[in-house]
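Visitor: The structure follows.
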Amino acid sequence: MFWFGIVLFLSVSIRILLFTIYPPRVFGDTGGYLRAAQAVLNGFESYDGTRTPVYPVFIGLLGSEKAIYAVQMVLGICISITWFLIAYKASGYPIFGASIALAHSLNPGQFFFEANLLTETLAAFWLMLSLLGAYFWLSNKTHRSIWLGLGIGLSASLAALTRPQFIFMPFLISLFLAFSFKDRHLHINWKPLLSVILPGVVIIGGWMGWVQSNYHMFSLTTMSGFHMVQHTGYYFEDVPDEYAALRDVYLEYRDERLETYGTQSNTIWEAIPAMQQASGLNFYDLSRKLQEISIRLILRNPWQYLQRVLKGWLYFWRAPVYWDRSAFNSQIVASLMQVYVLGARGLMVLMNIVFVLSSVAASVFEKFRKLWKLSNFHWLLASCIWMTSILTSLVEHGENQRFLIPLQTAVVFWVLWLIYMMIDKKTESRRSLTKLNE
């Protein structure tokens with residue numbers, strides 16, 4: 001097929017070119033994953049629970065940075081192909097499938113992230129497998145089997161154990177596949193409800209049980225308390241005097257960070273050692289204590305918390321392109337890429353705005369749902385994006401922009417679908433007028 005060949009050729013060519021001129025990049029979080037990977041290779045003996053296990057296993061098996069980089073690029077190609085299949089099948093037009101697939105492969109926010117030793121590309125791959133399975137289930141009754149449901153649940157669960165923000169995915173997908181309205185009656189199909197949820201309960205629940213039994217925290221990671229301070233650190237001076245040692249140390253580090261960077265975000269990661277020393281608490285006890293303190297602060301300052309949640313939600317839609325200009329030897333290439341990155345990011349922000357406004361409008365007004373011919377799969381995508389934006393903003397206030405990366409192409413799919421539907425409607429109207437004139 002011509003358009004599939006175009007997608008494959010460009011997707012592979014872009015990544016081969018990038019692989020030859022742009023080295024793999026490490027970020028602040030990379031060290032934690034590398035330490036966790038080493039613990040995996042040692043049989044989980046020194047695994048500290050700070051990271052969910054899927055990405056550490058992934059990099060532990062691959063070993064070198066170059067190998068991780070190369071495999072993440074292969075995953076990126078697979079993601080593009082998956083989007084091609086979904087968009088082609090949904091629209092009936094291969095050119096629409098190609099436009100979505102190339103929107104993924106040509107997005108610098110995606111292909112540069114494949115060079116980063118971080119979780120987002122692998123998380124996006126698991127998400128796409130689960131969404132592809134969900135699309136087949138929703139679009140064709142002949143594909144509905146227990147095995148497909150188990151596969152959807154497995155891939156969605158692995159997405160959650162790659163990026164904890166997707167913990168809701170197996171349960172959300174199961175609801176969309178199991179519940180439907182027909183003739184104003186609610187119908188329940190128990191097959192997807194049980195088969196999709198089962199892997200989530202076993203895999204996610206099993207991991208949380210392991211963390212609970214080893215560190216006495218019912219959570220996906222042992223860092224829940226530290227993440228909550230990303231919210232409550234803004235008003236940490238309200239911490240009661242019984243925790244004065246922790247409060248005073250944090251405020252000292254917060255003031256330094258505010259002076260240097262103009263924001264208190266991520267103060268906690270620098271303050272942890274000093275807070276441990278001042279309190280005598282170990283890493284895990286400190287996390288539990290900060291979680292307890294943060295919950296009390298949120299209950300006492302609900303409006304301040306909600307204000308930060310709203311700001312975090314707004315940050316979510318402003319995802320930057322994570323790249324390193326200095327990695328390019330040629331200044332001309334670096335400058336051209338800078339222009340391309342800025343243009344692509346601006347276009348992505350515009351699409352985010354269109355998605356937010358149009359999804360709200362379609363949920364309220366039936367005429368938009370009919371105009372845009374939105375199916376259950378479209379609403380599944382929209383729900384995934386909205387749930388991610390809200391839940392991540394509730395539990396984190398610092399790196400909210402990065403949380404959108406695995407779902408950026410889902411936003412693009414939604415927006416281009418609306419454009420395609422409106423063009424199709426105009427074309428249909430012209431044909432009808434032509435026939436009437438004849």
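Chain labels A, B, ... are given in the sequence in which chains occur in the structure tokens; within each chain residues are numbered consecutively from 1, and ligands are likewise numbered from 1 in the order shown.
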What's the 7 Å shell around stretch 144-149 of chain A, counting only C-alpha atoms, without same-chain residues fewer than 4 positions away, as a tab-separated table (two decimals) with N, CA, C and O atoms, in the first residue's frame?
Guide:
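selection_32.tsv written:
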```tsv
chain	number	residue	atom	x	y	z
A	133	GLY	N	-6.00	-2.62	20.73
A	133	GLY	CA	-6.90	-3.71	21.09
A	133	GLY	C	-8.30	-3.20	21.38
A	133	GLY	O	-9.30	-3.82	20.96
A	137	TRP	N	-11.85	-4.12	19.46
A	137	TRP	CA	-12.99	-4.62	20.22
A	137	TRP	C	-14.24	-3.78	19.93
A	137	TRP	O	-15.33	-4.32	19.72
A	153	GLY	N	-5.74	-5.68	28.81
A	153	GLY	CA	-5.48	-5.45	30.23
A	153	GLY	C	-4.01	-5.56	30.57
A	153	GLY	O	-3.49	-4.77	31.38
A	191	LYS	N	-17.61	-10.01	29.65
A	191	LYS	CA	-16.36	-10.56	29.12
A	191	LYS	C	-15.21	-9.54	29.17
A	191	LYS	O	-14.15	-9.83	29.75
A	192	PRO	N	-15.37	-8.32	28.61
A	192	PRO	CA	-14.26	-7.36	28.70
A	192	PRO	C	-14.08	-6.80	30.11
A	192	PRO	O	-12.96	-6.48	30.52
A	195	SER	N	-12.05	-9.64	31.82
A	195	SER	CA	-10.78	-10.00	31.18
A	195	SER	C	-9.79	-8.84	31.15
A	195	SER	O	-8.58	-9.04	31.27
A	196	VAL	N	-10.27	-7.60	31.00
A	196	VAL	CA	-9.37	-6.45	30.97
A	196	VAL	C	-8.94	-6.06	32.38
A	196	VAL	O	-7.77	-5.71	32.61
```
Visitor: Just want the 8 Å neighbourhood of stretch 386-396 of chain A, counted on only C-alpha atoms, with same-chain residues fewer than 3 positions away dropped. Output as number ranges by chain.
Guide: A: 165-166, 227-228, 230-231, 309-310, 312-313, 316, 382-383, 399-400, 403-404
Visitor: If you keep C-alpha atoms, can you produce a file of those selected residues as a PDB file, in the first residue's frame?
Guide:
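As written to disk, result19.pdb reads:
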```pdb
ATOM      1  CA  GLN A 165       0.163   8.101  36.086  1.00  0.00           C
ATOM      2  CA  PHE A 166      -1.624   5.475  33.948  1.00  0.00           C
ATOM      3  CA  HIS A 227       5.448  13.925  45.382  1.00  0.00           C
ATOM      4  CA  MET A 228       2.763  15.399  47.628  1.00  0.00           C
ATOM      5  CA  GLN A 230       5.417  19.286  45.366  1.00  0.00           C
ATOM      6  CA  HIS A 231       1.945  20.632  46.170  1.00  0.00           C
ATOM      7  CA  VAL A 309      -3.988  21.679  41.032  1.00  0.00           C
ATOM      8  CA  LEU A 310      -5.436  24.131  38.509  1.00  0.00           C
ATOM      9  CA  GLY A 312      -0.598  22.047  37.346  1.00  0.00           C
ATOM     10  CA  TRP A 313      -3.455  21.206  35.000  1.00  0.00           C
ATOM     11  CA  PHE A 316       0.046  19.825  31.559  1.00  0.00           C
ATOM     12  CA  ALA A 382     -10.640  11.849  25.195  1.00  0.00           C
ATOM     13  CA  SER A 383     -11.246  10.202  28.572  1.00  0.00           C
ATOM     14  CA  GLU A 399       6.711  18.075  35.970  1.00  0.00           C
ATOM     15  CA  ASN A 400       3.122  18.124  34.772  1.00  0.00           C
ATOM     16  CA  PHE A 403       2.975  13.714  31.587  1.00  0.00           C
ATOM     17  CA  LEU A 404       1.286  14.578  28.281  1.00  0.00           C
TER      18      LEU A 404
END
```
Visitor: Which residue is closest to A:Val12? Choose from A:Val412, A:Ile173, A:Met73, A:Leu381 and count only C-alpha atoms.
Guide: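 Among the listed residues, A:Met73 lies closest to A:Val12.
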Visitor: Neighbouring residues of A:Ala278 were defined as those with any atom within 8 Å, considering only C-alpha atoms; residues of the same chain fewer than 4 positions away were excluded. Please report them as a VMD selection string.
Guide: chain A and resid 245 to 246 249 274
Visitor: What's around A:Leu138 at 9 Å? Count only C-alpha atoms, leave out sequence neighbours fewer than 2 positions away in its own chain, and write the answer as a PyMOL selection string.
Guide: chain A and resi 133-136+140-141+143-144+176-177+376-377
Visitor: Residues of stretch 174-230 of chain A classed as strand (DSSP E) by DSSP on the backbone are to be reported as a ChimeraX atom specification.
Guide: /A:179-182,185-188
Visitor: Once you have the residues from the selection above, write them out as a PDB file, in the first residue's frame, restricted to all heavy atoms.
Guide:
```pdb
ATOM      1  N   PHE A 179     -19.600  -1.461  28.977  1.00  0.00           N
ATOM      2  CA  PHE A 179     -20.885  -0.777  29.133  1.00  0.00           C
ATOM      3  C   PHE A 179     -21.278  -0.066  27.840  1.00  0.00           C
ATOM      4  O   PHE A 179     -20.450   0.592  27.208  1.00  0.00           O
ATOM      5  CB  PHE A 179     -20.825   0.235  30.279  1.00  0.00           C
ATOM      6  CG  PHE A 179     -20.672  -0.410  31.630  1.00  0.00           C
ATOM      7  CD1 PHE A 179     -19.417  -0.650  32.158  1.00  0.00           C
ATOM      8  CD2 PHE A 179     -21.787  -0.786  32.362  1.00  0.00           C
ATOM      9  CE1 PHE A 179     -19.259  -1.248  33.401  1.00  0.00           C
ATOM     10  CE2 PHE A 179     -21.658  -1.385  33.612  1.00  0.00           C
ATOM     11  CZ  PHE A 179     -20.400  -1.620  34.124  1.00  0.00           C
ATOM     12  N   SER A 180     -22.552  -0.188  27.494  1.00  0.00           N
ATOM     13  CA  SER A 180     -23.066   0.497  26.307  1.00  0.00           C
ATOM     14  C   SER A 180     -24.541   0.814  26.512  1.00  0.00           C
ATOM     15  O   SER A 180     -25.221   0.166  27.318  1.00  0.00           O
ATOM     16  CB  SER A 180     -22.884  -0.367  25.053  1.00  0.00           C
ATOM     17  OG  SER A 180     -23.604  -1.587  25.194  1.00  0.00           O
ATOM     18  N   PHE A 181     -24.997   1.836  25.788  1.00  0.00           N
ATOM     19  CA  PHE A 181     -26.405   2.228  25.844  1.00  0.00           C
ATOM     20  C   PHE A 181     -27.061   1.910  24.504  1.00  0.00           C
ATOM     21  O   PHE A 181     -26.553   2.283  23.450  1.00  0.00           O
ATOM     22  CB  PHE A 181     -26.548   3.717  26.146  1.00  0.00           C
ATOM     23  CG  PHE A 181     -26.266   4.073  27.577  1.00  0.00           C
ATOM     24  CD1 PHE A 181     -24.989   4.459  27.975  1.00  0.00           C
ATOM     25  CD2 PHE A 181     -27.277   4.015  28.524  1.00  0.00           C
ATOM     26  CE1 PHE A 181     -24.732   4.789  29.294  1.00  0.00           C
ATOM     27  CE2 PHE A 181     -27.013   4.340  29.848  1.00  0.00           C
ATOM     28  CZ  PHE A 181     -25.755   4.728  30.241  1.00  0.00           C
ATOM     29  N   LYS A 182     -28.155   1.198  24.583  1.00  0.00           N
ATOM     30  CA  LYS A 182     -28.917   0.885  23.375  1.00  0.00           C
ATOM     31  C   LYS A 182     -30.397   0.947  23.718  1.00  0.00           C
ATOM     32  O   LYS A 182     -30.834   0.321  24.687  1.00  0.00           O
ATOM     33  CB  LYS A 182     -28.545  -0.512  22.855  1.00  0.00           C
ATOM     34  CG  LYS A 182     -29.114  -0.794  21.480  1.00  0.00           C
ATOM     35  CD  LYS A 182     -28.610  -2.111  20.954  1.00  0.00           C
ATOM     36  CE  LYS A 182     -29.138  -2.387  19.547  1.00  0.00           C
ATOM     37  NZ  LYS A 182     -28.667  -3.684  19.016  1.00  0.00           N
ATOM     38  N   HIS A 185     -31.266   1.861  27.232  1.00  0.00           N
ATOM     39  CA  HIS A 185     -31.026   0.878  28.278  1.00  0.00           C
ATOM     40  C   HIS A 185     -29.526   0.621  28.388  1.00  0.00           C
ATOM     41  O   HIS A 185     -28.815   0.585  27.383  1.00  0.00           O
ATOM     42  CB  HIS A 185     -31.762  -0.435  27.984  1.00  0.00           C
ATOM     43  CG  HIS A 185     -33.244  -0.336  28.135  1.00  0.00           C
ATOM     44  ND1 HIS A 185     -34.075   0.028  27.096  1.00  0.00           N
ATOM     45  CD2 HIS A 185     -34.056  -0.527  29.220  1.00  0.00           C
ATOM     46  CE1 HIS A 185     -35.332   0.035  27.513  1.00  0.00           C
ATOM     47  NE2 HIS A 185     -35.347  -0.292  28.804  1.00  0.00           N
ATOM     48  N   LEU A 186     -29.079   0.423  29.612  1.00  0.00           N
ATOM     49  CA  LEU A 186     -27.672   0.127  29.869  1.00  0.00           C
ATOM     50  C   LEU A 186     -27.433  -1.368  29.693  1.00  0.00           C
ATOM     51  O   LEU A 186     -28.124  -2.199  30.288  1.00  0.00           O
ATOM     52  CB  LEU A 186     -27.293   0.550  31.294  1.00  0.00           C
ATOM     53  CG  LEU A 186     -25.854   0.253  31.734  1.00  0.00           C
ATOM     54  CD1 LEU A 186     -24.863   1.045  30.897  1.00  0.00           C
ATOM     55  CD2 LEU A 186     -25.679   0.565  33.220  1.00  0.00           C
ATOM     56  N   HIS A 187     -26.450  -1.711  28.870  1.00  0.00           N
ATOM     57  CA  HIS A 187     -26.087  -3.107  28.638  1.00  0.00           C
ATOM     58  C   HIS A 187     -24.680  -3.354  29.155  1.00  0.00           C
ATOM     59  O   HIS A 187     -23.785  -2.521  28.977  1.00  0.00           O
ATOM     60  CB  HIS A 187     -26.158  -3.437  27.145  1.00  0.00           C
ATOM     61  CG  HIS A 187     -27.527  -3.288  26.555  1.00  0.00           C
ATOM     62  ND1 HIS A 187     -28.425  -4.327  26.467  1.00  0.00           N
ATOM     63  CD2 HIS A 187     -28.164  -2.200  26.041  1.00  0.00           C
ATOM     64  CE1 HIS A 187     -29.543  -3.900  25.913  1.00  0.00           C
ATOM     65  NE2 HIS A 187     -29.413  -2.605  25.648  1.00  0.00           N
ATOM     66  N   ILE A 188     -24.485  -4.493  29.773  1.00  0.00           N
ATOM     67  CA  ILE A 188     -23.183  -4.847  30.343  1.00  0.00           C
ATOM     68  C   ILE A 188     -22.683  -6.125  29.693  1.00  0.00           C
ATOM     69  O   ILE A 188     -23.387  -7.140  29.662  1.00  0.00           O
ATOM     70  CB  ILE A 188     -23.257  -5.043  31.874  1.00  0.00           C
ATOM     71  CG1 ILE A 188     -23.805  -3.792  32.551  1.00  0.00           C
ATOM     72  CG2 ILE A 188     -21.877  -5.380  32.437  1.00  0.00           C
ATOM     73  CD1 ILE A 188     -24.009  -3.949  34.043  1.00  0.00           C
TER      74      ILE A 188
END
```
Visitor: So the first atom is atom CA of A:Tyr93 and the second is atom CA of A:Asn352; what is the distance between them in Å, to one decimal place?
Guide: 24.3 Å
Visitor: Calculated over only C-alpha atoms, which of the candidates A:Ala156, A:Leu172, A:Val71, A:Val7 has the smallest distance to A:Phe19?
Guide: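 Looking at the shortest contact to A:Phe19, the residue is A:Val71.
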Visitor: Output as a PyMOL selection string all residues of stretch 223-388 of chain A that backbone DSSP marks as alpha helix (DSSP H).
Guide: chain A and resi 224-232+244-261+267-279+283-300+302-316+331-364+366-372+376-388
Visitor: For atom CA of A:Arg300 and atom CA of A:Gly280, determine how far apart the two atoms are, in Å to one decimal place.
Guide: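 About the pair atom CA of A:Arg300 and atom CA of A:Gly280: they are 26.4 Å apart.
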Visitor: What separation in Å, quoted to one decimal, exists between atom CA of A:Trp83 and atom CA of A:Ala98?
Guide: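 Atom CA of A:Ala98 lies 8.4 Å from atom CA of A:Trp83.
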Visitor: Excluding A:Thr82 and its own-chain neighbours fewer than 4 positions away, which residues fall within 7 Å of it when counting only C-alpha atoms? Please give them as a ChimeraX atom specification.
Guide: /A:78,86,128,132
Visitor: With N, CA, C and O atoms retained, could you export that selection as a short mmCIF file (atom, residue, chain, number, x, y, z; two decimals), in the first residue's frame?
Guide:
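Result file selection.cif:
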```
data_model
loop_
_atom_site.label_atom_id
_atom_site.label_comp_id
_atom_site.auth_asym_id
_atom_site.auth_seq_id
_atom_site.Cartn_x
_atom_site.Cartn_y
_atom_site.Cartn_z
N CYS A 78 6.91 1.50 15.67
CA CYS A 78 5.73 0.66 15.93
C CYS A 78 4.53 1.51 16.34
O CYS A 78 3.39 1.22 15.93
N ILE A 86 -5.09 2.42 13.16
CA ILE A 86 -6.30 2.93 13.81
C ILE A 86 -6.96 4.01 12.96
O ILE A 86 -8.18 3.97 12.70
N MET A 128 -0.40 2.31 23.31
CA MET A 128 -0.88 2.11 21.96
C MET A 128 -1.34 0.67 21.73
O MET A 128 -2.32 0.44 21.02
N LEU A 132 -5.06 0.00 20.59
CA LEU A 132 -5.30 -0.75 19.35
C LEU A 132 -6.26 -1.90 19.63
O LEU A 132 -7.21 -2.14 18.87
#
```
Visitor: From the list A:Leu118, A:Leu10, A:Val54, A:Ala327, which residue is nearest A:Ala160 when using only C-alpha atoms?
Guide: A:Val54
Visitor: Taking 5 positions as the minimum chain separation for residues in the same chain, which residues sit within 7 Å of stretch 283-292 of chain A when counting only C-alpha atoms? Answer as a list in words.
Guide: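 Counting only the stated atoms, we get Tyr215, Thr222, Met223, Ser224, Gly225, Phe226, Met228 and Gln276 of chain A.
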Visitor: Could you write those residues out with all heavy atoms, as a PDB file, in the first residue's frame?
Guide:
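This is the output file result-v6.pdb:
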```pdb
ATOM      1  N   TYR A 215       7.713  -2.034  52.396  1.00  0.00           N
ATOM      2  CA  TYR A 215       7.957  -0.660  52.839  1.00  0.00           C
ATOM      3  C   TYR A 215       6.763  -0.046  53.573  1.00  0.00           C
ATOM      4  O   TYR A 215       6.804   1.129  53.923  1.00  0.00           O
ATOM      5  CB  TYR A 215       8.327   0.218  51.629  1.00  0.00           C
ATOM      6  CG  TYR A 215       9.471  -0.355  50.830  1.00  0.00           C
ATOM      7  CD1 TYR A 215       9.245  -0.946  49.587  1.00  0.00           C
ATOM      8  CD2 TYR A 215      10.772  -0.343  51.327  1.00  0.00           C
ATOM      9  CE1 TYR A 215      10.296  -1.491  48.860  1.00  0.00           C
ATOM     10  CE2 TYR A 215      11.817  -0.890  50.600  1.00  0.00           C
ATOM     11  CZ  TYR A 215      11.571  -1.466  49.369  1.00  0.00           C
ATOM     12  OH  TYR A 215      12.607  -2.009  48.655  1.00  0.00           O
ATOM     13  N   THR A 222       7.598   4.178  46.487  1.00  0.00           N
ATOM     14  CA  THR A 222       7.833   4.612  47.866  1.00  0.00           C
ATOM     15  C   THR A 222       8.011   6.126  47.974  1.00  0.00           C
ATOM     16  O   THR A 222       8.394   6.620  49.028  1.00  0.00           O
ATOM     17  CB  THR A 222       9.098   3.918  48.422  1.00  0.00           C
ATOM     18  OG1 THR A 222      10.209   4.187  47.543  1.00  0.00           O
ATOM     19  CG2 THR A 222       8.895   2.422  48.530  1.00  0.00           C
ATOM     20  N   MET A 223       7.705   6.853  46.907  1.00  0.00           N
ATOM     21  CA  MET A 223       7.951   8.298  46.897  1.00  0.00           C
ATOM     22  C   MET A 223       6.681   9.131  46.958  1.00  0.00           C
ATOM     23  O   MET A 223       6.707  10.329  46.670  1.00  0.00           O
ATOM     24  CB  MET A 223       8.771   8.678  45.659  1.00  0.00           C
ATOM     25  CG  MET A 223      10.135   8.016  45.604  1.00  0.00           C
ATOM     26  SD  MET A 223      11.319   8.897  44.575  1.00  0.00           S
ATOM     27  CE  MET A 223      10.571   8.693  42.963  1.00  0.00           C
ATOM     28  N   SER A 224       5.575   8.519  47.345  1.00  0.00           N
ATOM     29  CA  SER A 224       4.297   9.239  47.347  1.00  0.00           C
ATOM     30  C   SER A 224       4.350  10.502  48.205  1.00  0.00           C
ATOM     31  O   SER A 224       3.843  11.560  47.810  1.00  0.00           O
ATOM     32  CB  SER A 224       3.179   8.326  47.854  1.00  0.00           C
ATOM     33  OG  SER A 224       3.055   7.192  47.038  1.00  0.00           O
ATOM     34  N   GLY A 225       4.955  10.394  49.382  1.00  0.00           N
ATOM     35  CA  GLY A 225       5.028  11.553  50.273  1.00  0.00           C
ATOM     36  C   GLY A 225       5.827  12.690  49.680  1.00  0.00           C
ATOM     37  O   GLY A 225       5.465  13.867  49.832  1.00  0.00           O
ATOM     38  N   PHE A 226       6.909  12.369  48.990  1.00  0.00           N
ATOM     39  CA  PHE A 226       7.744  13.407  48.374  1.00  0.00           C
ATOM     40  C   PHE A 226       6.992  14.098  47.242  1.00  0.00           C
ATOM     41  O   PHE A 226       7.099  15.317  47.065  1.00  0.00           O
ATOM     42  CB  PHE A 226       9.049  12.805  47.861  1.00  0.00           C
ATOM     43  CG  PHE A 226       9.834  12.094  48.923  1.00  0.00           C
ATOM     44  CD1 PHE A 226      10.239  10.783  48.752  1.00  0.00           C
ATOM     45  CD2 PHE A 226      10.167  12.727  50.112  1.00  0.00           C
ATOM     46  CE1 PHE A 226      10.968  10.123  49.722  1.00  0.00           C
ATOM     47  CE2 PHE A 226      10.893  12.073  51.099  1.00  0.00           C
ATOM     48  CZ  PHE A 226      11.296  10.774  50.900  1.00  0.00           C
ATOM     49  N   MET A 228       3.807  14.536  47.054  1.00  0.00           N
ATOM     50  CA  MET A 228       2.763  15.399  47.628  1.00  0.00           C
ATOM     51  C   MET A 228       3.339  16.738  48.091  1.00  0.00           C
ATOM     52  O   MET A 228       2.653  17.759  48.068  1.00  0.00           O
ATOM     53  CB  MET A 228       2.066  14.686  48.779  1.00  0.00           C
ATOM     54  CG  MET A 228       1.235  13.491  48.338  1.00  0.00           C
ATOM     55  SD  MET A 228       0.246  12.784  49.667  1.00  0.00           S
ATOM     56  CE  MET A 228      -1.032  14.036  49.818  1.00  0.00           C
ATOM     57  N   GLN A 276      16.291  14.062  56.300  1.00  0.00           N
ATOM     58  CA  GLN A 276      16.557  12.792  56.981  1.00  0.00           C
ATOM     59  C   GLN A 276      17.483  13.006  58.178  1.00  0.00           C
ATOM     60  O   GLN A 276      17.260  12.468  59.269  1.00  0.00           O
ATOM     61  CB  GLN A 276      17.198  11.794  56.005  1.00  0.00           C
ATOM     62  CG  GLN A 276      16.242  11.193  54.997  1.00  0.00           C
ATOM     63  CD  GLN A 276      16.947  10.190  54.103  1.00  0.00           C
ATOM     64  OE1 GLN A 276      17.191  10.455  52.933  1.00  0.00           O
ATOM     65  NE2 GLN A 276      17.284   9.047  54.651  1.00  0.00           N
TER      66      GLN A 276
END
```
Visitor: Which residue, A:Leu342, A:Leu281, A:Met169, A:Ala101, has the smallest gap to A:Tyr243 when you use only C-alpha atoms?
Guide: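 Once distances to A:Tyr243 are computed over only C-alpha atoms, the minimum belongs to A:Leu281.
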Visitor: Residues within 12 Å of A:His378, please, as a ChimeraX atom specification. Count only C-alpha atoms; anything in the same chain fewer than 4 positions from it doesn't count.
Guide: /A:86-87,90-91,131,134-135,138-139,176,355,359,362-363,369,372-374,382-385,410-418
Visitor: The selected residues should be written to file as a short mmCIF file (atom, residue, chain, number, x, y, z; two decimals), in the first residue's frame (atoms: N, CA, C and O atoms).
Guide:
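Written out: again14.cif:
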```cif
data_model
loop_
_atom_site.label_atom_id
_atom_site.label_comp_id
_atom_site.auth_asym_id
_atom_site.auth_seq_id
_atom_site.Cartn_x
_atom_site.Cartn_y
_atom_site.Cartn_z
N ILE A 86 -5.09 2.42 13.16
CA ILE A 86 -6.30 2.93 13.81
C ILE A 86 -6.96 4.01 12.96
O ILE A 86 -8.18 3.97 12.70
N ALA A 87 -6.18 4.99 12.53
CA ALA A 87 -6.74 6.12 11.78
C ALA A 87 -7.28 5.67 10.42
O ALA A 87 -8.33 6.16 9.96
N ALA A 90 -10.52 3.66 11.08
CA ALA A 90 -11.59 4.52 11.58
C ALA A 90 -12.19 5.39 10.49
O ALA A 90 -13.40 5.65 10.47
N SER A 91 -11.34 5.87 9.58
CA SER A 91 -11.79 6.82 8.56
C SER A 91 -12.13 6.15 7.22
O SER A 91 -12.94 6.66 6.45
N LEU A 131 -4.76 0.55 23.31
CA LEU A 131 -5.74 1.31 22.53
C LEU A 131 -6.05 0.64 21.20
O LEU A 131 -7.20 0.68 20.73
N ALA A 134 -8.40 -2.06 22.07
CA ALA A 134 -9.71 -1.48 22.37
C ALA A 134 -10.43 -1.07 21.09
O ALA A 134 -11.65 -1.25 20.97
N TYR A 135 -9.68 -0.53 20.13
CA TYR A 135 -10.30 -0.14 18.86
C TYR A 135 -10.89 -1.36 18.15
O TYR A 135 -12.03 -1.31 17.66
N LEU A 138 -14.09 -2.48 19.92
CA LEU A 138 -15.23 -1.59 19.73
C LEU A 138 -15.74 -1.57 18.29
O LEU A 138 -16.93 -1.33 18.05
N SER A 139 -14.86 -1.82 17.33
CA SER A 139 -15.23 -1.64 15.93
C SER A 139 -15.70 -2.91 15.25
O SER A 139 -16.33 -2.85 14.18
N PHE A 176 -15.30 1.17 29.12
CA PHE A 176 -15.73 1.53 27.76
C PHE A 176 -16.09 0.30 26.94
O PHE A 176 -16.99 0.35 26.10
N PHE A 355 -8.43 20.71 21.40
CA PHE A 355 -8.94 19.49 22.02
C PHE A 355 -9.79 19.79 23.26
O PHE A 355 -10.89 19.26 23.41
N SER A 359 -13.72 18.99 22.98
CA SER A 359 -14.19 17.83 23.75
C SER A 359 -15.25 18.25 24.77
O SER A 359 -16.23 17.52 25.00
N ALA A 362 -18.43 19.00 22.67
CA ALA A 362 -19.07 17.78 22.19
C ALA A 362 -19.76 17.01 23.31
O ALA A 362 -20.77 16.34 23.08
N SER A 363 -19.21 17.10 24.52
CA SER A 363 -19.84 16.41 25.64
C SER A 363 -21.14 17.08 26.07
O SER A 363 -22.02 16.45 26.65
N ARG A 369 -21.45 16.31 18.44
CA ARG A 369 -21.19 14.86 18.40
C ARG A 369 -21.59 14.28 17.05
O ARG A 369 -20.90 13.42 16.50
N TRP A 372 -19.21 15.75 14.12
CA TRP A 372 -17.87 15.16 14.11
C TRP A 372 -17.88 13.63 14.11
O TRP A 372 -16.82 13.02 14.07
N LYS A 373 -19.07 13.03 14.16
CA LYS A 373 -19.21 11.57 14.10
C LYS A 373 -18.28 10.88 15.11
O LYS A 373 -17.47 10.03 14.75
N LEU A 374 -18.44 11.29 16.35
CA LEU A 374 -17.58 10.76 17.41
C LEU A 374 -18.09 9.40 17.87
O LEU A 374 -19.24 9.24 18.23
N ALA A 382 -10.44 10.60 24.46
CA ALA A 382 -10.64 11.85 25.19
C ALA A 382 -10.62 11.61 26.70
O ALA A 382 -10.03 12.39 27.45
N SER A 383 -11.23 10.52 27.14
CA SER A 383 -11.25 10.20 28.57
C SER A 383 -9.85 9.90 29.09
O SER A 383 -9.50 10.32 30.20
N CYS A 384 -9.05 9.19 28.30
CA CYS A 384 -7.66 8.90 28.69
C CYS A 384 -6.88 10.21 28.91
O CYS A 384 -6.15 10.35 29.89
N ILE A 385 -7.04 11.13 27.97
CA ILE A 385 -6.31 12.40 28.06
C ILE A 385 -6.79 13.21 29.25
O ILE A 385 -5.98 13.73 30.03
N ALA A 410 -2.57 11.23 20.54
CA ALA A 410 -4.01 11.05 20.74
C ALA A 410 -4.73 12.38 20.59
O ALA A 410 -5.82 12.45 20.01
N VAL A 411 -4.12 13.45 21.08
CA VAL A 411 -4.67 14.79 20.89
C VAL A 411 -4.69 15.15 19.41
O VAL A 411 -5.69 15.67 18.89
N VAL A 412 -3.59 14.86 18.71
CA VAL A 412 -3.50 15.15 17.27
C VAL A 412 -4.58 14.38 16.51
O VAL A 412 -5.25 14.93 15.62
N PHE A 413 -4.76 13.11 16.86
CA PHE A 413 -5.78 12.30 16.21
C PHE A 413 -7.16 12.94 16.36
O PHE A 413 -7.93 13.06 15.40
N TRP A 414 -7.49 13.35 17.57
CA TRP A 414 -8.78 13.98 17.84
C TRP A 414 -8.98 15.23 16.99
O TRP A 414 -10.01 15.39 16.33
N VAL A 415 -7.99 16.12 16.98
CA VAL A 415 -8.11 17.40 16.27
C VAL A 415 -8.19 17.18 14.76
O VAL A 415 -9.05 17.78 14.07
N LEU A 416 -7.31 16.34 14.21
CA LEU A 416 -7.35 16.10 12.77
C LEU A 416 -8.63 15.37 12.35
O LEU A 416 -9.12 15.57 11.23
N TRP A 417 -9.17 14.55 13.25
CA TRP A 417 -10.44 13.89 12.96
C TRP A 417 -11.55 14.93 12.80
O TRP A 417 -12.38 14.84 11.88
N LEU A 418 -11.58 15.93 13.69
CA LEU A 418 -12.59 16.97 13.59
C LEU A 418 -12.47 17.72 12.26
O LEU A 418 -13.47 17.99 11.59
#
```
Visitor: Pick out the closest residue to A:Val356 from this set: A:Lys370, A:Leu314, A:Arg247, A:Thr263. Count only C-alpha atoms.
Guide: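 Of A:Lys370, A:Leu314, A:Arg247, A:Thr263, the one nearest A:Val356 is A:Leu314, counting only C-alpha atoms.
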